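Okay, work-v8.txt now, which holds compact mmCIF, C-alpha atoms:
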```txt
# COMPACT_ATOMS: atom_id res chain seq x y z
CA MET A 1 120.50 4.06 108.83
CA LEU A 2 118.82 7.42 108.31
CA ARG A 3 117.68 8.13 104.79
CA ILE A 4 116.97 11.79 104.02
CA VAL A 5 113.88 12.17 101.84
CA LYS A 6 113.43 15.92 101.55
CA PHE A 7 113.87 19.30 103.15
CA CYS A 8 110.95 21.68 103.43
CA LEU A 9 111.09 25.25 104.73
CA ARG A 10 107.92 25.77 106.78
CA ALA A 11 108.42 29.18 108.38
CA PRO A 12 111.18 31.62 109.30
CA GLY A 13 113.46 29.84 111.74
CA LEU A 14 111.60 26.53 111.34
CA LEU A 15 113.22 23.91 109.09
CA LEU A 16 111.44 20.61 108.58
CA LEU A 17 113.56 17.56 107.79
CA LEU A 18 111.60 14.46 106.86
CA ILE A 19 113.48 11.23 107.51
CA THR A 20 112.70 7.57 107.01
CA LEU A 21 114.19 5.33 109.66
CA THR A 22 112.70 2.00 108.63
CA ALA A 23 110.45 0.58 105.95
CA PRO A 24 106.74 1.18 106.62
CA ALA A 25 104.86 -1.57 108.42
CA GLU A 26 102.86 -3.80 106.11
CA ALA A 27 99.91 -4.05 108.52
CA GLU A 28 99.32 -0.59 110.00
CA ILE A 29 96.87 0.79 112.49
CA ARG A 30 94.26 3.00 110.87
CA VAL A 31 91.34 5.05 112.20
CA ASP A 32 88.41 5.49 109.80
CA ILE A 33 87.17 8.99 110.63
CA ARG A 34 84.28 8.74 108.16
CA ARG A 35 82.37 6.49 110.56
CA GLY A 36 80.17 7.96 113.26
CA ASN A 37 81.14 6.95 116.79
CA VAL A 38 84.78 5.85 116.46
CA GLU A 39 86.44 4.11 119.39
CA PRO A 40 89.48 6.30 120.24
CA LEU A 41 92.85 4.73 119.48
CA PRO A 42 94.89 4.04 122.67
CA VAL A 43 98.19 5.85 122.16
CA ALA A 44 101.19 6.14 124.49
CA ILE A 45 102.79 9.59 124.17
CA THR A 46 106.05 9.60 126.10
CA GLU A 47 107.87 12.65 127.38
CA PHE A 48 110.44 13.63 124.77
CA SER A 49 113.88 13.08 126.30
CA GLY A 50 116.67 15.62 126.66
CA ILE A 51 120.12 15.60 128.23
CA THR A 52 119.92 18.96 129.99
CA SER A 53 117.14 20.03 132.31
CA ALA A 54 116.09 22.73 129.82
CA GLU A 55 115.86 20.18 127.00
CA ALA A 56 113.90 17.80 129.21
CA GLN A 57 111.42 20.55 130.14
CA VAL A 58 110.81 21.42 126.48
CA GLY A 59 110.37 17.71 125.82
CA ARG A 60 107.69 17.47 128.49
CA ASP A 61 105.95 20.56 127.16
CA ILE A 62 105.90 19.28 123.58
CA SER A 63 104.57 15.89 124.68
CA ASN A 64 101.79 17.54 126.69
CA VAL A 65 100.68 19.67 123.73
CA ILE A 66 100.65 16.63 121.43
CA SER A 67 98.65 14.65 123.99
CA ASN A 68 96.11 17.45 124.41
CA ASN A 69 95.75 17.96 120.65
CA LEU A 70 95.17 14.30 119.86
CA GLY A 71 92.91 13.77 122.86
CA ARG A 72 90.63 16.68 121.91
CA SER A 73 90.19 15.25 118.42
CA GLY A 74 88.19 12.39 119.94
CA LEU A 75 90.05 9.91 117.72
CA PHE A 76 92.91 9.18 120.12
CA ARG A 77 92.99 8.20 123.80
CA PRO A 78 96.34 9.20 125.32
CA LEU A 79 97.28 6.70 128.03
CA ASP A 80 98.28 7.65 131.57
CA ARG A 81 102.07 7.99 131.71
CA LYS A 82 102.09 6.49 135.19
CA ALA A 83 101.30 3.14 133.55
CA PHE A 84 104.38 3.24 131.27
CA ILE A 85 106.91 0.47 131.91
CA GLN A 86 109.80 1.28 129.58
CA ASN A 87 111.73 4.44 130.42
CA ALA A 88 112.70 7.22 128.00
CA ALA A 89 116.42 6.38 128.00
CA SER A 90 115.95 2.83 126.74
CA LEU A 91 113.38 4.00 124.20
CA LEU A 92 116.18 5.82 122.39
CA VAL A 93 117.58 2.40 121.43
CA ARG A 94 114.32 0.67 120.48
CA PRO A 95 110.89 0.20 122.04
CA ARG A 96 110.22 -2.98 123.99
CA PHE A 97 106.91 -3.56 122.30
CA SER A 98 105.80 -6.18 124.82
CA ASP A 99 105.93 -3.49 127.54
CA TRP A 100 103.54 -1.34 125.53
CA ARG A 101 101.18 -4.17 124.61
CA VAL A 102 100.76 -4.92 128.31
CA ILE A 103 99.15 -1.50 128.84
CA ASN A 104 97.03 -1.91 125.66
CA ALA A 105 98.83 0.79 123.66
CA GLN A 106 98.26 0.39 119.94
CA ALA A 107 100.47 3.31 118.94
CA LEU A 108 103.57 4.75 120.57
CA VAL A 109 104.98 8.27 120.20
CA GLN A 110 108.52 8.99 121.36
CA GLY A 111 111.03 11.75 120.72
CA ASN A 112 114.04 13.67 121.91
CA ILE A 113 115.30 17.24 122.12
CA LYS A 114 118.84 18.41 121.45
CA VAL A 115 120.12 21.98 121.39
CA GLN A 116 122.63 22.42 118.56
CA PRO A 117 125.94 24.34 118.78
CA ASP A 118 124.38 27.23 116.81
CA GLY A 119 121.59 27.57 119.41
CA ARG A 120 118.89 25.98 117.32
CA MET A 121 116.89 23.10 118.72
CA ARG A 122 116.55 19.72 117.04
CA VAL A 123 113.24 17.99 117.78
CA GLU A 124 112.87 14.41 116.58
CA PHE A 125 109.90 12.11 116.95
CA ARG A 126 108.87 8.61 115.88
CA LEU A 127 105.44 7.01 115.63
CA TRP A 128 105.38 3.25 116.16
CA ASP A 129 102.76 0.60 115.47
CA VAL A 130 102.99 -1.44 118.65
CA PHE A 131 101.42 -4.66 117.36
CA ALA A 132 103.24 -4.64 114.01
CA GLU A 133 106.44 -3.65 115.87
CA ALA A 134 107.31 -1.23 113.10
CA GLN A 135 107.82 2.49 112.72
CA MET A 136 105.08 4.32 110.85
CA THR A 137 106.85 7.65 110.41
CA GLY A 138 109.79 9.65 111.69
CA LEU A 139 110.38 13.39 111.48
CA ALA A 140 113.00 15.84 112.72
CA TYR A 141 112.75 19.63 113.02
CA PHE A 142 115.42 22.30 113.44
CA THR A 143 114.04 25.51 114.89
CA GLU A 144 114.60 28.34 117.32
CA PRO A 145 113.73 27.25 120.88
CA GLN A 146 110.79 29.66 121.14
CA ASN A 147 109.04 27.77 118.31
CA TRP A 148 108.61 24.59 120.35
CA ARG A 149 104.82 24.89 120.57
CA ARG A 150 104.51 25.29 116.80
CA VAL A 151 106.60 22.13 116.38
CA ALA A 152 104.26 20.28 118.76
CA HIS A 153 101.28 21.22 116.57
CA ILE A 154 103.09 20.12 113.39
CA ILE A 155 103.98 16.78 114.98
CA SER A 156 100.34 16.37 116.03
CA ASP A 157 99.28 16.96 112.43
CA ALA A 158 101.81 14.39 111.18
CA ILE A 159 100.51 11.74 113.61
CA TYR A 160 96.88 12.52 112.77
CA LYS A 161 97.53 12.21 109.03
CA ARG A 162 99.56 9.00 109.33
CA VAL A 163 96.85 7.26 111.36
CA THR A 164 93.70 8.65 109.72
CA GLY A 165 94.87 9.33 106.18
CA GLU A 166 93.47 12.87 106.43
CA ASP A 167 95.30 16.16 106.90
CA GLY A 168 95.46 17.44 110.46
CA TYR A 169 94.27 20.83 111.71
CA PHE A 170 96.34 21.54 114.83
CA ASP A 171 98.82 24.00 113.33
CA THR A 172 96.09 26.61 112.87
CA ARG A 173 94.67 29.74 114.48
CA ILE A 174 91.20 30.96 115.40
CA VAL A 175 90.04 34.56 115.07
CA PHE A 176 86.86 35.42 116.94
CA VAL A 177 84.91 38.16 118.69
CA SER A 178 85.80 38.43 122.37
CA GLU A 179 82.86 39.82 124.33
CA SER A 180 82.78 41.54 127.72
CA GLY A 181 80.69 43.98 129.73
CA PRO A 182 76.96 44.16 130.48
CA ARG A 183 74.51 43.09 127.79
CA ASP A 184 73.28 46.64 127.15
CA ARG A 185 76.86 47.99 126.78
CA ARG A 186 78.64 45.06 125.21
CA ILE A 187 82.29 45.46 124.20
CA LYS A 188 83.25 43.31 121.22
CA ARG A 189 86.90 43.06 120.22
CA LEU A 190 88.68 41.02 117.58
CA ALA A 191 90.90 38.39 119.18
CA ILE A 192 93.15 35.64 117.87
CA MET A 193 94.61 32.46 119.37
CA ASP A 194 96.05 29.10 118.39
CA GLN A 195 93.43 26.39 117.93
CA ASP A 196 94.23 25.07 121.43
CA GLY A 197 93.72 28.48 123.07
CA ASP A 198 97.38 29.41 123.49
CA GLY A 199 98.80 32.65 122.12
CA PHE A 200 95.67 34.69 122.83
CA ARG A 201 95.84 38.37 121.97
CA PHE A 202 93.48 41.19 121.07
CA LEU A 203 93.60 42.70 117.59
CA THR A 204 91.28 45.68 118.17
CA ASP A 205 90.86 47.94 121.20
CA GLY A 206 87.08 47.70 121.63
CA THR A 207 86.23 51.29 120.74
CA ALA A 208 84.21 50.07 117.75
CA LEU A 209 81.85 47.12 117.59
CA VAL A 210 83.19 44.27 115.43
CA LEU A 211 81.46 41.20 113.98
CA THR A 212 81.97 38.27 111.55
CA PRO A 213 85.78 38.08 111.15
CA ARG A 214 87.03 35.85 108.32
CA PHE A 215 90.56 34.69 107.41
CA SER A 216 92.16 35.13 104.02
CA PRO A 217 93.61 32.01 102.34
CA THR A 218 97.10 33.29 103.23
CA THR A 219 96.14 33.55 106.96
CA GLN A 220 97.79 36.99 107.17
CA GLU A 221 94.69 39.12 106.63
CA ILE A 222 91.23 39.24 108.16
CA THR A 223 88.07 40.81 106.80
CA TYR A 224 85.28 41.76 109.20
CA LEU A 225 82.39 44.07 109.89
CA SER A 226 82.91 47.15 112.05
CA TYR A 227 80.83 50.22 112.73
CA PHE A 228 82.17 53.51 111.36
CA ASN A 229 80.16 56.58 112.37
CA ASP A 230 77.36 54.17 113.37
CA THR A 231 77.36 52.66 109.85
CA PRO A 232 78.35 49.01 109.29
CA ARG A 233 81.35 48.79 106.99
CA VAL A 234 83.61 45.98 105.80
CA TYR A 235 87.27 46.27 106.86
CA LEU A 236 90.58 44.58 106.12
CA PHE A 237 93.09 43.94 108.90
CA ASP A 238 96.73 42.88 108.45
CA ILE A 239 97.62 40.58 111.36
CA GLU A 240 101.37 41.19 111.16
CA THR A 241 101.36 45.00 110.85
CA GLY A 242 98.07 45.84 112.56
CA ARG A 243 97.11 47.99 109.57
CA GLU A 244 93.35 48.45 109.19
CA GLU A 245 91.44 49.87 106.24
CA VAL A 246 87.82 50.29 105.24
CA LEU A 247 86.82 48.72 101.93
CA GLY A 248 85.17 51.12 99.52
CA THR A 249 83.10 54.27 99.84
CA PHE A 250 79.66 52.72 99.66
CA LYS A 251 76.75 55.03 100.46
CA GLY A 252 74.84 52.28 102.27
CA MET A 253 76.05 49.64 104.68
CA THR A 254 78.29 46.69 103.80
CA PHE A 255 78.37 43.51 105.88
CA ALA A 256 78.82 39.69 105.91
CA PRO A 257 82.26 39.76 104.21
CA ARG A 258 84.26 36.71 103.17
CA PHE A 259 87.36 36.27 101.03
CA SER A 260 87.00 34.60 97.68
CA PRO A 261 88.74 31.19 97.63
CA ASP A 262 91.78 32.63 95.79
CA GLY A 263 92.05 35.56 98.21
CA LYS A 264 91.92 38.12 95.40
CA ALA A 265 88.45 39.47 96.14
CA ILE A 266 85.95 40.05 98.93
CA LEU A 267 82.39 38.78 98.68
CA MET A 268 79.98 40.85 100.76
CA SER A 269 76.45 42.13 101.18
CA TYR A 270 75.65 45.71 100.28
CA ALA A 271 72.41 47.26 101.51
CA ARG A 272 70.94 50.43 100.05
CA GLU A 273 67.41 51.79 99.88
CA GLY A 274 66.11 48.89 101.93
CA ASN A 275 67.53 46.19 99.64
CA SER A 276 70.51 43.90 100.19
CA ASP A 277 72.43 42.14 97.39
CA ILE A 278 75.67 40.20 96.98
CA TRP A 279 78.67 42.10 95.60
CA ARG A 280 82.29 41.28 94.81
CA MET A 281 85.22 43.67 95.26
CA ASP A 282 88.53 43.04 93.50
CA LEU A 283 91.21 43.74 96.10
CA GLN A 284 93.79 44.89 93.56
CA THR A 285 91.69 47.26 91.46
CA ARG A 286 88.96 47.92 94.07
CA ASN A 287 86.41 47.53 91.30
CA VAL A 288 83.04 46.20 92.47
CA THR A 289 80.59 43.91 90.70
CA GLN A 290 76.98 43.33 91.67
CA LEU A 291 76.17 39.59 91.60
CA THR A 292 72.50 39.45 92.66
CA ARG A 293 69.64 41.78 91.75
CA HIS A 294 66.55 40.90 93.71
CA PRO A 295 64.16 42.85 95.99
CA ALA A 296 64.80 40.32 98.78
CA ILE A 297 67.61 40.21 101.35
CA ASP A 298 70.61 38.35 99.88
CA THR A 299 73.49 37.89 102.32
CA SER A 300 76.22 35.62 103.76
CA PRO A 301 78.05 34.70 100.52
CA SER A 302 80.57 31.83 100.58
CA GLY A 303 82.55 30.65 97.56
CA SER A 304 83.23 27.02 96.65
CA PRO A 305 86.92 25.98 96.94
CA GLU A 306 87.45 26.07 93.18
CA GLY A 307 85.73 29.45 92.90
CA ASP A 308 83.05 28.23 90.49
CA PHE A 309 80.00 28.75 92.73
CA ILE A 310 78.74 30.91 95.57
CA ALA A 311 76.34 29.81 98.30
CA PHE A 312 74.29 32.49 100.02
CA ASN A 313 71.26 33.11 102.20
CA SER A 314 68.10 34.79 100.86
CA ASP A 315 64.48 35.29 101.86
CA ARG A 316 63.36 35.64 98.23
CA GLY A 317 61.19 32.53 98.69
CA GLY A 318 59.34 33.98 101.69
CA SER A 319 61.68 32.76 104.47
CA PRO A 320 65.48 32.58 104.88
CA GLN A 321 66.79 29.69 102.77
CA LEU A 322 70.05 28.62 101.14
CA TYR A 323 70.82 29.26 97.47
CA VAL A 324 73.71 28.52 95.12
CA MET A 325 74.68 30.50 92.02
CA ASP A 326 77.51 30.59 89.52
CA SER A 327 80.42 32.82 90.50
CA ASN A 328 79.21 35.48 88.03
CA GLY A 329 75.74 35.59 89.62
CA GLY A 330 73.95 33.41 87.09
CA ASN A 331 71.96 30.20 87.52
CA VAL A 332 70.56 30.99 90.98
CA HIS A 333 68.79 28.00 92.52
CA ARG A 334 67.52 27.08 95.96
CA ILE A 335 69.08 24.07 97.73
CA SER A 336 67.38 24.00 101.18
CA PHE A 337 63.88 22.52 101.32
CA GLY A 338 63.57 21.14 104.84
CA ARG A 339 61.41 22.59 107.58
CA GLY A 340 62.79 25.66 109.33
CA ARG A 341 64.84 28.74 108.49
CA TYR A 342 68.37 28.43 107.10
CA ALA A 343 71.27 30.89 107.32
CA THR A 344 75.07 31.42 107.24
CA PRO A 345 76.10 28.87 104.58
CA VAL A 346 79.83 28.04 104.55
CA TRP A 347 81.41 25.88 101.88
CA SER A 348 83.69 23.08 103.12
CA PRO A 349 87.38 23.33 102.13
CA ARG A 350 86.91 19.90 100.54
CA GLY A 351 84.02 21.17 98.42
CA ASP A 352 81.76 18.25 99.32
CA LEU A 353 79.48 19.92 101.88
CA ILE A 354 77.97 23.24 102.91
CA ALA A 355 77.57 23.97 106.63
CA PHE A 356 74.72 26.16 107.85
CA THR A 357 72.69 27.41 110.80
CA LYS A 358 69.10 26.22 111.06
CA GLN A 359 66.28 27.49 113.25
CA LEU A 360 63.54 24.95 113.86
CA GLY A 361 61.02 24.41 116.66
CA GLY A 362 62.45 27.08 118.92
CA LYS A 363 65.97 25.62 118.71
CA PHE A 364 69.06 26.42 116.67
CA HIS A 365 71.17 23.79 114.94
CA ILE A 366 74.46 23.52 113.09
CA GLY A 367 74.06 21.26 110.07
CA VAL A 368 75.59 20.20 106.77
CA MET A 369 74.23 19.30 103.34
CA ARG A 370 75.67 18.53 99.94
CA PRO A 371 75.94 21.43 97.47
CA ASP A 372 72.82 20.15 95.66
CA GLY A 373 70.84 20.24 98.92
CA SER A 374 70.76 16.48 99.49
CA GLY A 375 71.98 14.58 102.56
CA GLU A 376 71.05 17.18 105.18
CA ARG A 377 72.33 16.28 108.67
CA LEU A 378 72.06 18.26 111.90
CA LEU A 379 75.13 18.09 114.15
CA SER A 380 74.09 20.20 117.14
CA GLU A 381 71.06 21.64 118.92
CA SER A 382 70.69 24.29 121.62
CA PHE A 383 69.03 27.55 122.58
CA LEU A 384 71.30 29.30 120.06
CA ASP A 385 74.00 27.68 117.91
CA GLU A 386 75.32 29.89 115.13
CA ALA A 387 78.16 30.84 112.75
CA PRO A 388 79.80 27.56 111.68
CA THR A 389 83.39 27.58 110.45
CA TRP A 390 85.39 24.69 108.99
CA ALA A 391 88.74 23.28 110.06
CA PRO A 392 91.04 23.27 107.01
CA ASN A 393 90.72 19.49 106.61
CA GLY A 394 86.92 19.73 106.29
CA ARG A 395 86.35 17.19 109.10
CA VAL A 396 85.62 19.44 112.11
CA LEU A 397 83.33 22.44 112.58
CA MET A 398 83.50 25.22 115.13
CA PHE A 399 80.62 27.54 116.08
CA PHE A 400 79.40 29.60 119.00
CA ARG A 401 76.69 28.63 121.46
CA GLU A 402 74.72 31.13 123.50
CA THR A 403 72.88 30.20 126.68
CA PRO A 404 69.79 32.18 127.83
CA SER A 405 69.69 34.51 130.80
CA ASP A 406 67.58 33.82 133.86
CA SER A 407 64.43 35.66 134.89
CA LYS A 408 66.60 38.50 136.23
CA GLY A 409 68.49 38.90 132.98
CA LYS A 410 71.64 37.25 134.31
CA GLY A 411 73.54 34.08 133.53
CA ALA A 412 73.68 34.36 129.75
CA SER A 413 76.94 33.31 128.13
CA SER A 414 78.45 32.84 124.69
CA ARG A 415 81.10 30.15 124.14
CA LEU A 416 82.91 28.48 121.27
CA TYR A 417 82.34 24.79 120.53
CA SER A 418 83.68 22.26 118.05
CA VAL A 419 82.00 19.14 116.71
CA ASP A 420 83.13 16.32 114.43
CA LEU A 421 81.57 16.14 110.99
CA THR A 422 79.79 12.96 112.05
CA GLY A 423 78.06 14.82 114.93
CA TYR A 424 80.20 13.28 117.67
CA ASN A 425 82.87 14.73 119.97
CA LEU A 426 81.10 17.99 120.84
CA ARG A 427 83.60 20.01 122.95
CA GLU A 428 83.89 23.52 124.31
CA VAL A 429 86.83 25.52 122.97
CA VAL A 430 87.94 27.27 126.13
CA THR A 431 88.38 31.06 126.06
CA SER A 432 88.95 33.47 128.93
CA GLY A 433 85.51 35.06 128.53
CA ASP A 434 82.52 35.16 126.24
CA ALA A 435 83.27 34.53 122.58
CA SER A 436 81.36 34.45 119.30
CA ASP A 437 81.77 34.48 115.50
CA PRO A 438 84.78 32.13 115.21
CA ALA A 439 86.75 31.72 111.99
CA TRP A 440 89.24 28.89 111.50
CA SER A 441 92.42 29.64 109.58
CA PRO A 442 94.00 27.45 106.92
CA LEU A 443 97.10 25.55 108.04
CA ASN A 444 99.85 27.99 109.00
CA PRO A 445 102.36 28.51 106.18
```
What is this file in structure tokens?
Amino acid sequence: MLRIVKFCLRAPGLLLLLITLTAPAEAEIRVDIRRGNVEPLPVAITEFSGITSAEAQVGRDISNVISNNLGRSGLFRPLDRKAFIQNAASLLVRPRFSDWRVINAQALVQGNIKVQPDGRMRVEFRLWDVFAEAQMTGLAYFTEPQNWRRVAHIISDAIYKRVTGEDGYFDTRIVFVSESGPRDRRIKRLAIMDQDGDGFRFLTDGTALVLTPRFSPTTQEITYLSYFNDTPRVYLFDIETGREEVLGTFKGMTFAPRFSPDGKAILMSYAREGNSDIWRMDLQTRNVTQLTRHPAIDTSPSGSPEGDFIAFNSDRGGSPQLYVMDSNGGNVHRISFGRGRYATPVWSPRGDLIAFTKQLGGKFHIGVMRPDGSGERLLSESFLDEAPTWAPNGRVLMFFRETPSDSKGKGASSRLYSVDLTGYNLREVVTSGDASDPAWSPLNP
């Protein structure tokens, strides 16, 4: 018997209904994502069934997106559907668990699609523990048919969380700088896409150079650097309306913007008379407050999740290093003491780590350390790795990697990559052309 637990409105036209079909299994499969090299969990993801051909096609599409999402995480190994023994029709009654154990599946995902009389689509899925022969979770969604891909990402997040115990990150977007043209006349445009590369579109037309886009906590606004009359200025961009505005009337240049954790202010660098400091602008009053006062270059501010502290980059010690201060600018102290030059600190959404770029021995690295500077670990190395950004669950990082040109000045490229917090599962995030400066959104509302 179905037992309704709760209703939750996730987005216009998308109603989430959480249902419990059976009692949870006592002995459940679990993937510990805190370990380094985790053996991926073999999971059978069946094509979601449907009575009509249109329903069946949506079912196949949803299953493919789920399979791709979980496979890219490096924690799951979707099994080849050609090896499946039980068909989709009989799965609607109950899985024959022996058929799934034969092909070494530890988890089983099944679902079905049904178009309702009012035109909405009902998408239901179940996650089974094959060896315990028990259902781990069951969810149903009512939505407009065009939202099927969004539902696939939400289901992927539900599976990820049930198996790992951590929030997923598939129902998210990436904003980045899309690059094209020759190196001496580079066109850089703001672009946005789902985390799996679908839904790509440009946000700016390329007439002005853009850099360092950053999401607001609400995911509806972006702050970034653009050049106005050849002067770098910080801008706000509303994703839904396309409205763009410059922040402030500073006499010098403003750059390296980032939203405060509560979304009510912008942290940025302001350079004037050869000096660069960290400033905060209140987005409601547009009042500005200077947070650092030092003759060095202070830049790349990033607030802690609770808003108590700000990490930033400064060369006040003679070379670029990482510093942390109170949110009001007090108690400034250095946290990076390893060899090399440190830059672009970004506080994890979990608050436990700060990601950074490090230049050492002619190579660039993406690394993490605790907020007190301890536990430094390098996760990547290449000719140029830069601009880390966190997935909203604080378990995956994205950055861009640039490859050098050949002796004739050709062959250089810039691509997006992701890497697990443990340093494993390095993967390219495919874009249609060169890309840089990624920013990962929070989970979609």
Item checked: From A:Ile335, A:Val346, A:Asp184, A:Gly361, residue lying nearest A:Gly375 [only C-alpha atoms] -> A:Ile335
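What separates atom CA of A:Tyr342 from atom CA of A:Thr219 is a distance of 28.2 Å.
For the choices A:Ala88, A:Leu378, A:Ile174, A:Ile192, the atom-to-atom distance to A:Ala56 is smallest for A:Ala88 when using only C-alpha atoms.
With all atoms listed in the file taken into account, the protein and nucleic acid residues at most 12 Å from A:Asp262 (excluding it and anything under 6 positions from it in its own chain) are A:Phe215, A:Ser216, A:Pro217, A:Thr218, A:Asp282, A:Leu283, A:Gly303, A:Ser304, A:Pro305, A:Glu306, A:Gly307, A:Asp308.
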Margin query: If we count only C-alpha atoms and set the cut-off at 12 Å, which residues sit around A:Leu247, ignoring sequence neighbours fewer than 5 positions away in its own chain? Please answer as number ranges by chain.
Written below: A: 223-226, 228, 232-237, 253-255, 257, 265-268, 270, 280-288
Note to self: Taking (110.3, 17.8, 123.8) in the coordinates of the supplied file, I want to know which residues reach to within 12 Å of it, counting only C-alpha atoms; could you give the answer as a ChimeraX atom specification?
What the structure shows: /A:45-66,88,109-115,121-125,140-141,145,147-152,155
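Interatomic distance, atom CA of A:Leu127 against atom CA of A:Ile29: 11.0 Å.
Distance-wise, atom CA of A:Ala387 and atom CA of A:Arg272 end up 24.4 Å apart.
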Note to self: Which residue is closest to A:Ser67? Choose from A:Leu79, A:Ala435, A:Val419, A:Val368 and count only C-alpha atoms.
What the structure shows: A:Leu79
Next item on the list: Using all atoms listed in the file, determine which residues lie at most 7 Å from A:Trp390, disregarding the query and same-chain residues fewer than 5 positions distant; provide the list as a list in words.
Entry: Ser348, Val396, Leu397, Met398 and Trp440 of chain A
Serialized selection, C-alpha atoms, as an mmCIF file, in the frame of the given file:
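Just written: selection.cif:
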```cif
data_model
loop_
_atom_site.group_PDB
_atom_site.id
_atom_site.type_symbol
_atom_site.label_atom_id
_atom_site.label_comp_id
_atom_site.auth_asym_id
_atom_site.auth_seq_id
_atom_site.Cartn_x
_atom_site.Cartn_y
_atom_site.Cartn_z
ATOM 1 C CA SER A 348 83.690 23.080 103.120
ATOM 2 C CA VAL A 396 85.620 19.440 112.110
ATOM 3 C CA LEU A 397 83.330 22.440 112.580
ATOM 4 C CA MET A 398 83.500 25.220 115.130
ATOM 5 C CA TRP A 440 89.240 28.890 111.500
#
```
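Distances to A:Asn68 were evaluated for A:Ala412, A:Val43, A:Leu139, A:Met193 using only C-alpha atoms, and the minimum falls at A:Val43.
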Next item on the list: Write out as a ChimeraX atom specification which residues come within 10 Å of A:Ser432 when counting all atoms listed in the file, dropping same-chain ones fewer than 4 positions away.
Entry: /A:178-179,197,200,415
Using the file's own x, y and z axes, so that the box edges lie along x, y and z, what centre and edge lengths in Å (one decimal) does a box around every listed atom of stretch 132-149 of chain A get when 8 Å is added on each side? Give it as lines of an AutoDock Vina configuration file.
```
center_x = 109.3
center_y = 12.5
center_z = 115.8
size_x = 28.2
size_y = 50.3
size_z = 26.7
```
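Minimum atom-to-atom distance to A:Tyr227, evaluated using all atoms listed in the file, belongs to A:Thr207 out of A:Thr207, A:Glu244, A:Asn444, A:Arg126.
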Item checked: Option closest in space to A:Gly165, from A:Asn393, A:Ser407, A:Ser436, A:Ser319 [counting only C-alpha atoms] -> A:Asn393
